[in-house]
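What follows is the content of model.cif, which has mmCIF, C-alpha atoms:
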```
data_structure
#
loop_
_atom_site.label_atom_id
_atom_site.label_comp_id
_atom_site.auth_asym_id
_atom_site.auth_seq_id
_atom_site.Cartn_x
_atom_site.Cartn_y
_atom_site.Cartn_z
CA MET T 1 15.52 -23.14 -19.05
CA ALA T 2 11.82 -23.77 -18.31
CA ILE T 3 10.70 -20.40 -16.97
CA GLY T 4 7.66 -21.05 -14.78
CA LYS T 5 8.79 -24.57 -13.97
CA ARG T 6 12.07 -23.97 -12.15
CA ILE T 7 12.99 -25.39 -8.76
CA TYR T 8 16.33 -24.24 -7.35
CA LEU T 9 17.54 -26.57 -4.63
CA LYS T 10 20.02 -24.06 -3.22
CA ARG T 11 19.77 -20.44 -2.03
CA GLU T 12 22.15 -17.87 -0.63
CA MET T 13 21.62 -17.83 3.10
CA PRO T 14 21.89 -14.86 5.48
CA ASP T 15 24.42 -14.55 8.26
CA LEU T 16 22.70 -16.78 10.82
CA GLU T 17 24.09 -15.00 13.89
CA ILE T 18 22.87 -11.62 12.61
CA MET T 19 19.52 -13.15 11.66
CA ARG T 20 18.93 -14.60 15.14
CA GLN T 21 19.40 -11.21 16.78
CA PHE T 22 16.37 -9.78 14.99
CA LYS T 23 14.22 -12.03 17.20
CA GLU T 24 14.59 -9.44 19.98
CA ILE T 25 13.23 -6.58 17.84
CA PRO T 26 9.60 -5.97 16.83
CA ALA T 27 8.75 -6.12 13.14
CA SER T 28 7.52 -2.52 13.33
CA ASN T 29 10.81 -1.15 14.69
CA THR T 30 12.71 -2.94 11.94
CA ALA T 31 10.40 -1.63 9.23
CA ASP T 32 10.67 1.93 10.57
CA VAL T 33 14.46 1.99 10.22
CA MET T 34 14.08 0.79 6.63
CA ASN T 35 12.16 3.99 5.88
CA ARG T 36 8.86 2.20 6.50
CA VAL T 37 9.24 -0.17 3.58
CA GLY T 38 9.51 -3.94 3.73
CA SER T 39 6.32 -4.70 5.66
CA MET T 40 3.80 -6.93 3.96
CA HIS T 41 0.28 -5.71 3.20
CA PRO T 42 -2.09 -6.04 6.20
CA ARG T 43 -4.32 -8.40 4.24
CA ILE T 44 -1.78 -11.05 5.32
CA ASN T 45 -2.81 -11.85 8.90
CA LEU T 46 -1.61 -14.18 11.64
CA MET T 47 -4.01 -17.14 11.60
CA SER T 48 -2.49 -19.38 14.30
CA SER T 49 -1.64 -19.16 18.02
CA PRO T 50 2.15 -19.40 18.30
CA ASP T 51 3.91 -19.70 21.65
CA GLU T 52 6.69 -17.34 20.58
CA PRO T 53 5.55 -13.79 19.83
CA ILE T 54 8.45 -13.09 17.45
CA ILE T 55 10.11 -15.48 15.02
CA VAL T 56 12.80 -14.98 12.44
CA GLY T 57 14.08 -17.25 9.69
CA PRO T 58 15.45 -17.45 6.15
CA ALA T 59 12.97 -17.26 3.29
CA LEU T 60 12.27 -20.29 1.17
CA THR T 61 10.34 -18.62 -1.63
CA VAL T 62 7.53 -20.18 -3.65
CA LYS T 63 5.92 -18.71 -6.75
CA ALA T 64 2.65 -20.64 -7.00
CA ARG T 65 0.14 -20.54 -9.81
CA ALA T 66 -3.13 -18.99 -8.64
CA GLY T 67 -5.00 -21.51 -6.52
CA ASP T 68 -2.46 -24.30 -7.15
CA ASN T 69 -0.30 -25.90 -4.47
CA LEU T 70 1.87 -28.42 -6.35
CA VAL T 71 5.09 -26.47 -5.80
CA ILE T 72 4.08 -25.73 -2.19
CA HIS T 73 4.14 -29.48 -1.59
CA LYS T 74 7.65 -29.61 -3.09
CA ALA T 75 8.75 -26.68 -0.92
CA LEU T 76 7.58 -28.56 2.18
CA ASN T 77 9.71 -31.53 1.11
CA MET T 78 12.72 -29.23 0.67
CA ALA T 79 12.28 -27.12 3.81
CA GLN T 80 14.79 -27.25 6.64
CA GLU T 81 14.09 -26.77 10.33
CA GLY T 82 13.69 -23.06 11.09
CA ASP T 83 12.86 -22.03 7.52
CA ILE T 84 10.02 -19.64 6.76
CA ILE T 85 8.20 -20.53 3.55
CA VAL T 86 6.88 -17.47 1.70
CA VAL T 87 4.27 -18.08 -1.02
CA SER T 88 3.04 -15.79 -3.78
CA ASN T 89 -0.26 -16.74 -5.40
CA GLU T 90 -0.93 -14.31 -8.28
CA GLY T 91 -3.39 -12.42 -6.08
CA ASP T 92 -5.94 -15.25 -6.00
CA ASN T 93 -8.42 -15.44 -3.11
CA THR T 94 -10.80 -18.10 -4.42
CA ARG T 95 -8.96 -21.28 -3.39
CA ALA T 96 -7.28 -22.34 -0.18
CA LEU T 97 -3.63 -23.22 -0.73
CA VAL T 98 -3.26 -25.55 2.26
CA GLY T 99 -5.23 -27.21 5.01
CA GLU T 100 -4.66 -29.05 8.26
CA VAL T 101 -2.81 -32.03 6.79
CA MET T 102 -0.12 -29.95 5.07
CA MET T 103 0.30 -27.68 8.07
CA ALA T 104 0.63 -30.65 10.43
CA TYR T 105 3.42 -32.00 8.22
CA ALA T 106 5.11 -28.58 8.14
CA TYR T 107 4.96 -28.17 11.91
CA TYR T 108 5.49 -31.65 13.31
CA SER T 109 7.65 -33.33 10.67
CA LYS T 110 9.61 -30.47 9.10
CA LYS T 111 9.67 -28.14 12.12
CA ILE T 112 9.66 -24.99 10.01
CA ALA T 113 9.37 -21.70 11.88
CA GLY T 114 6.50 -20.33 9.86
CA ILE T 115 4.71 -20.08 6.55
CA ILE T 116 3.24 -17.04 4.81
CA PHE T 117 0.59 -17.20 2.10
CA ASP T 118 -0.53 -14.32 -0.10
CA GLY T 119 -3.80 -16.18 -0.36
CA PRO T 120 -6.32 -18.11 1.76
CA ILE T 121 -6.12 -21.35 3.72
CA ARG T 122 -8.72 -23.76 5.10
CA ASP T 123 -9.30 -25.98 8.17
CA ILE T 124 -8.97 -22.88 10.30
CA ASP T 125 -10.61 -24.67 13.22
CA ALA T 126 -7.40 -26.70 13.57
CA ILE T 127 -4.80 -24.28 12.21
CA GLN T 128 -5.84 -21.46 14.55
CA HIS T 129 -4.58 -23.53 17.48
CA MET T 130 -1.21 -24.45 15.93
CA LYS T 131 1.92 -23.14 17.65
CA MET T 132 3.64 -22.37 14.34
CA HIS T 133 3.34 -18.90 12.79
CA VAL T 134 0.85 -19.19 9.91
CA TYR T 135 -0.08 -16.08 7.94
CA ALA T 136 -2.72 -15.88 5.21
CA THR T 137 -5.28 -13.53 3.69
CA GLY T 138 -8.29 -15.42 5.01
CA THR T 139 -10.12 -18.71 4.72
CA THR T 140 -12.24 -20.56 2.18
CA PRO T 141 -13.42 -24.17 1.91
CA GLY T 142 -12.53 -24.16 -1.78
CA GLY T 143 -9.57 -26.45 -2.40
CA PRO T 144 -6.48 -26.00 -4.59
CA TYR T 145 -5.36 -27.62 -7.81
CA LYS T 146 -2.13 -29.61 -8.13
CA GLU T 147 -1.14 -28.95 -11.71
CA GLY T 148 1.54 -26.24 -11.69
CA PRO T 149 3.35 -24.39 -13.06
CA GLY T 150 5.35 -22.79 -10.28
CA GLU T 151 8.85 -21.98 -9.10
CA ILE T 152 10.88 -22.35 -5.89
CA ASN T 153 13.77 -20.23 -4.60
CA VAL T 154 13.27 -17.42 -7.10
CA PRO T 155 12.45 -13.75 -6.33
CA ILE T 156 8.75 -13.26 -5.59
CA ALA T 157 6.34 -10.53 -4.54
CA CYS T 158 4.32 -11.36 -1.42
CA GLY T 159 2.07 -8.81 0.22
CA GLU T 160 3.45 -6.10 -2.11
CA VAL T 161 7.02 -6.74 -0.92
CA THR T 162 9.86 -8.27 -2.90
CA VAL T 163 11.30 -11.37 -1.27
CA GLU T 164 14.56 -12.96 -2.41
CA PRO T 165 15.47 -16.52 -1.47
CA GLY T 166 17.36 -16.41 1.84
CA ASP T 167 16.11 -12.96 2.87
CA ILE T 168 15.40 -12.62 6.59
CA ILE T 169 11.72 -12.87 7.48
CA LEU T 170 10.66 -11.28 10.78
CA CYS T 171 7.17 -12.16 12.01
CA ASP T 172 5.17 -11.02 15.02
CA PRO T 173 1.47 -10.40 15.79
CA ASP T 174 1.57 -7.11 13.82
CA GLY T 175 2.57 -8.90 10.62
CA VAL T 176 5.63 -9.62 8.49
CA THR T 177 8.73 -7.55 7.70
CA VAL T 178 11.29 -8.61 5.08
CA ILE T 179 14.95 -7.74 5.62
CA PRO T 180 17.25 -8.01 2.59
CA LYS T 181 19.95 -10.46 3.62
CA GLY T 182 22.78 -8.33 2.19
CA GLU T 183 21.78 -5.33 4.32
CA ALA T 184 20.91 -7.18 7.51
CA ALA T 185 23.89 -6.02 9.60
CA ALA T 186 23.21 -2.33 8.99
CA VAL T 187 19.47 -2.76 9.55
CA LEU T 188 20.11 -4.63 12.80
CA ALA T 189 22.30 -1.85 14.20
CA ASP T 190 19.73 0.81 13.34
CA ALA T 191 16.83 -1.29 14.64
CA ARG T 192 18.53 -1.82 18.00
CA LYS T 193 18.98 1.92 18.46
CA PHE T 194 15.40 2.57 17.40
CA LYS T 195 14.06 0.01 19.86
CA GLU T 196 16.00 1.63 22.72
CA GLU T 197 14.56 5.05 21.89
CA ASP T 198 11.09 3.59 21.48
CA GLU T 199 11.28 2.02 24.92
CA LYS T 200 12.23 5.41 26.42
CA LYS T 201 9.25 7.03 24.70
CA LEU T 202 6.95 4.34 26.02
CA ALA T 203 8.19 4.85 29.58
CA ALA T 204 7.65 8.61 29.28
CA ALA T 205 4.14 8.06 27.89
CA LYS T 206 3.32 5.93 30.91
CA ASN T 207 4.83 8.14 33.63
CA GLY T 208 3.58 11.49 32.32
CA THR T 209 6.93 12.96 31.25
CA ALA T 210 6.39 12.77 27.48
CA ASN T 211 7.30 16.00 25.69
CA ARG T 212 4.66 16.67 23.01
CA ASP T 213 5.94 20.09 21.91
CA TRP T 214 7.18 18.59 18.65
CA VAL T 215 3.58 18.22 17.40
CA ASP T 216 2.77 21.96 17.25
CA LYS T 217 6.28 22.73 16.02
CA SER T 218 5.83 20.30 13.14
CA LEU T 219 2.41 21.72 12.26
CA VAL T 220 3.87 25.23 12.08
CA GLU T 221 6.73 24.04 9.89
CA LYS T 222 4.21 22.42 7.54
CA ASP T 223 2.10 25.58 7.29
CA PHE T 224 -0.98 24.35 9.17
CA GLU T 225 -3.44 27.03 10.22
CA ILE T 226 -4.52 26.89 13.89
CA ILE T 227 -7.84 28.74 14.35
CA ASP T 228 -9.09 29.67 17.82
CA ASP T 229 -12.76 29.54 16.81
CA VAL T 230 -15.53 27.14 15.80
CA TYR T 231 -16.04 26.01 12.22
CA ARG T 232 -18.69 28.01 10.29
CA ARG T 233 -19.96 27.54 6.77
#
```
Can you give me the file's structure in the form of structure tokens?
Amino acid sequence: MAIGKRIYLKREMPDLEIMRQFKEIPASNTADVMNRVGSMHPRINLMSSPDEPIIVGPALTVKARAGDNLVIHKALNMAQEGDIIVVSNEGDNTRALVGEVMMAYAYYSKKIAGIIFDGPIRDIDAIQHMKMHVYATGTTPGGPYKEGPGEINVPIACGEVTVEPGDIILCDPDGVTVIPKGEAAAVLADARKFKEEDEKKLAAAKNGTANRDWVDKSLVEKDFEIIDDVYRR
């Protein structure tokens, strides 16, 4: 088997009904119930202007060589409507992986839900107005190579998070959270409860009924010293 030059045409998919229900839950709530793991590094930012604030879809994973987009082109050919393509890039920030032409094909022809790059893009003047969710680390006019190697539908690391093919990708303006497909049902139940409690806290914060006693209680439990005086050297 040619490690580094493998393209798997199939992937294990998540339960689609469970996956769709995550669209009602913010990425932050979902990450919180996973013990605050699973959210991609904030260097990966939303670069477009999508109509829908939250999207969710199954991961089509791409392990690209630094600054090379050959297998990204293949992934676009393979992608199904509603997929979210997730691209690792060996930490490179010197070459844009895609531009307007590829993103137009992804959005208009393939109708994917979104695409996430752990690397830069270009043609931001056009991409920033696209209604598809596009995440990247920044922009550069420097273009990519098309030589390979690379792999598709293998486990990758994107934004310091492991992504397996078919994992559930939840995107909103805050960023990206990855939900392991095998644990999605349990995460969904916990995230729903968390969202309900969060909404109650927000209402209390707005109407002046928030109970903040827990702050001082926590500080005491953690042995903080509260000094009723000014600081002196």
Near T:Lys74, within 12 Å and counting only C-alpha atoms, which residues show up once chain neighbours fewer than 3 positions away are dropped, as a PyMOL selection string?
chain T and resi 6-9+60-64+69-71+77-79+85+102+106+146+148+150-153
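Between atom CA of T:Met19 and atom CA of T:Val56 the interatomic distance comes to 7.0 Å.
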Using only C-alpha atoms, what residues lie at most 7 Å away from (6.6, -3.2, 9.8) (file coordinates), given as a VMD selection string?
chain T and resid 27 to 32 36 38 to 39 176 to 177
Sel. within 10 Å of pt (16.5, -8.2, 16.5), counting only C-alpha atoms, output as a list in words:
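Selection result: Ile18, Met19, Arg20, Gln21, Phe22, Lys23, Glu24, Ile25, Pro26, Ala27, Asn29, Thr30, Ile54, Ile55, Val56, Leu170, Val187, Leu188, Ala189, Ala191, Arg192 and Lys195 of chain T.
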Nearest-residue call for T:Met47, choices T:Ala96, T:Ala136, T:Ala104, T:Val87, using all atoms listed in the file
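Counting all atoms listed in the file, the residue closest to T:Met47 is T:Ala136.
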From the set T:Asp118, T:Glu183, T:Asp123, T:Asp167, which residue has the shortest atom-to-atom contact distance to T:Ile84, counting all atoms listed in the file?
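Counting all atoms listed in the file, the residue closest to T:Ile84 is T:Asp167.
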Calculated over only C-alpha atoms, which of the candidates T:Lys5, T:Arg95, T:Asn89, T:Leu16 has the smallest distance to T:Tyr145?
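Closest candidate: T:Arg95.
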Atom CA of T:Asn93 and atom CA of T:Ile179 are how many Å apart?
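We find that atom CA of T:Asn93 and atom CA of T:Ile179 lie 26.1 Å from each other.
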Would you work out the distance separating atom CA of T:Asp174 from atom CA of T:Gly91, expressed in Å to one decimal?
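So the answer is 21.2 Å.
Restricting the calculation to only C-alpha atoms, the smallest distance between T:Met34 and any of T:Ala184, T:Ala126, T:Leu46, T:Ala113 is found for T:Ala184.
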Run the PyMOL selection byres ((chain T and resi 105) around 12) on the file and write out the hits as a list in words.
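On the file shown, the PyMOL selection byres ((chain T and resi 105) around 12) covers His73, Ala75, Leu76, Asn77, Ala79, Val98, Gly99, Glu100, Val101, Met102, Met103, Ala104, Ala106, Tyr107, Tyr108, Ser109, Lys110, Lys111, Ile112, Ile127, Met130 and Met132 of chain T.
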I want to know what sits within 9 Å of T:Gly138, based on all atoms listed in the file, with residues of the same chain fewer than 6 positions away left out; could you give that as a JSON list (two decimals) with C-alpha atoms, keeping the file's coordinate frame?
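Saved file result27.json follows:
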```
[["chain", "number", "residue", "atom", "x", "y", "z"],
["T", 43, "ARG", "CA", -4.32, -8.40, 4.24],
["T", 44, "ILE", "CA", -1.78, -11.05, 5.32],
["T", 45, "ASN", "CA", -2.81, -11.85, 8.90],
["T", 47, "MET", "CA", -4.01, -17.14, 11.60],
["T", 93, "ASN", "CA", -8.42, -15.44, -3.11],
["T", 96, "ALA", "CA", -7.28, -22.34, -0.18],
["T", 119, "GLY", "CA", -3.80, -16.18, -0.36],
["T", 120, "PRO", "CA", -6.32, -18.11, 1.76],
["T", 121, "ILE", "CA", -6.12, -21.35, 3.72],
["T", 122, "ARG", "CA", -8.72, -23.76, 5.10]]
```
Can you complete the atoms of stretch 60-73 of chain T to N, CA, C and O atoms and list them as a short mmCIF file (atom, residue, chain, number, x, y, z; two decimals), keeping the file's coordinate frame?
```cif
data_model
loop_
_atom_site.label_atom_id
_atom_site.label_comp_id
_atom_site.auth_asym_id
_atom_site.auth_seq_id
_atom_site.Cartn_x
_atom_site.Cartn_y
_atom_site.Cartn_z
N LEU T 60 12.33 -19.33 2.26
CA LEU T 60 12.27 -20.29 1.17
C LEU T 60 11.09 -19.85 0.31
O LEU T 60 9.94 -19.95 0.73
N THR T 61 11.37 -19.28 -0.85
CA THR T 61 10.34 -18.62 -1.63
C THR T 61 9.65 -19.58 -2.60
O THR T 61 10.28 -20.46 -3.18
N VAL T 62 8.34 -19.36 -2.76
CA VAL T 62 7.53 -20.18 -3.65
C VAL T 62 6.67 -19.27 -4.51
O VAL T 62 5.92 -18.44 -3.98
N LYS T 63 6.78 -19.44 -5.81
CA LYS T 63 5.92 -18.71 -6.75
C LYS T 63 4.88 -19.71 -7.26
O LYS T 63 5.14 -20.51 -8.15
N ALA T 64 3.69 -19.68 -6.65
CA ALA T 64 2.65 -20.64 -7.00
C ALA T 64 1.74 -20.06 -8.09
O ALA T 64 1.54 -18.85 -8.17
N ARG T 65 1.21 -20.94 -8.90
CA ARG T 65 0.14 -20.54 -9.81
C ARG T 65 -1.10 -20.26 -8.97
O ARG T 65 -1.30 -20.86 -7.91
N ALA T 66 -1.94 -19.35 -9.41
CA ALA T 66 -3.13 -18.99 -8.64
C ALA T 66 -3.95 -20.23 -8.29
O ALA T 66 -4.35 -21.00 -9.16
N GLY T 67 -4.16 -20.43 -6.98
CA GLY T 67 -5.00 -21.51 -6.52
C GLY T 67 -4.43 -22.90 -6.71
O GLY T 67 -5.16 -23.89 -6.65
N ASP T 68 -3.11 -23.01 -6.88
CA ASP T 68 -2.46 -24.30 -7.15
C ASP T 68 -1.34 -24.52 -6.13
O ASP T 68 -0.53 -23.62 -5.90
N ASN T 69 -1.28 -25.70 -5.52
CA ASN T 69 -0.30 -25.90 -4.47
C ASN T 69 0.74 -26.98 -4.76
O ASN T 69 1.42 -27.46 -3.85
N LEU T 70 0.90 -27.37 -6.03
CA LEU T 70 1.87 -28.42 -6.35
C LEU T 70 3.28 -28.05 -5.87
O LEU T 70 3.95 -28.85 -5.22
N VAL T 71 3.74 -26.84 -6.20
CA VAL T 71 5.09 -26.47 -5.80
C VAL T 71 5.18 -26.17 -4.30
O VAL T 71 6.27 -26.21 -3.73
N ILE T 72 4.06 -25.88 -3.65
CA ILE T 72 4.08 -25.73 -2.19
C ILE T 72 4.39 -27.08 -1.54
O ILE T 72 5.16 -27.15 -0.58
N HIS T 73 3.81 -28.14 -2.09
CA HIS T 73 4.14 -29.48 -1.59
C HIS T 73 5.64 -29.75 -1.74
O HIS T 73 6.28 -30.30 -0.82
#
```
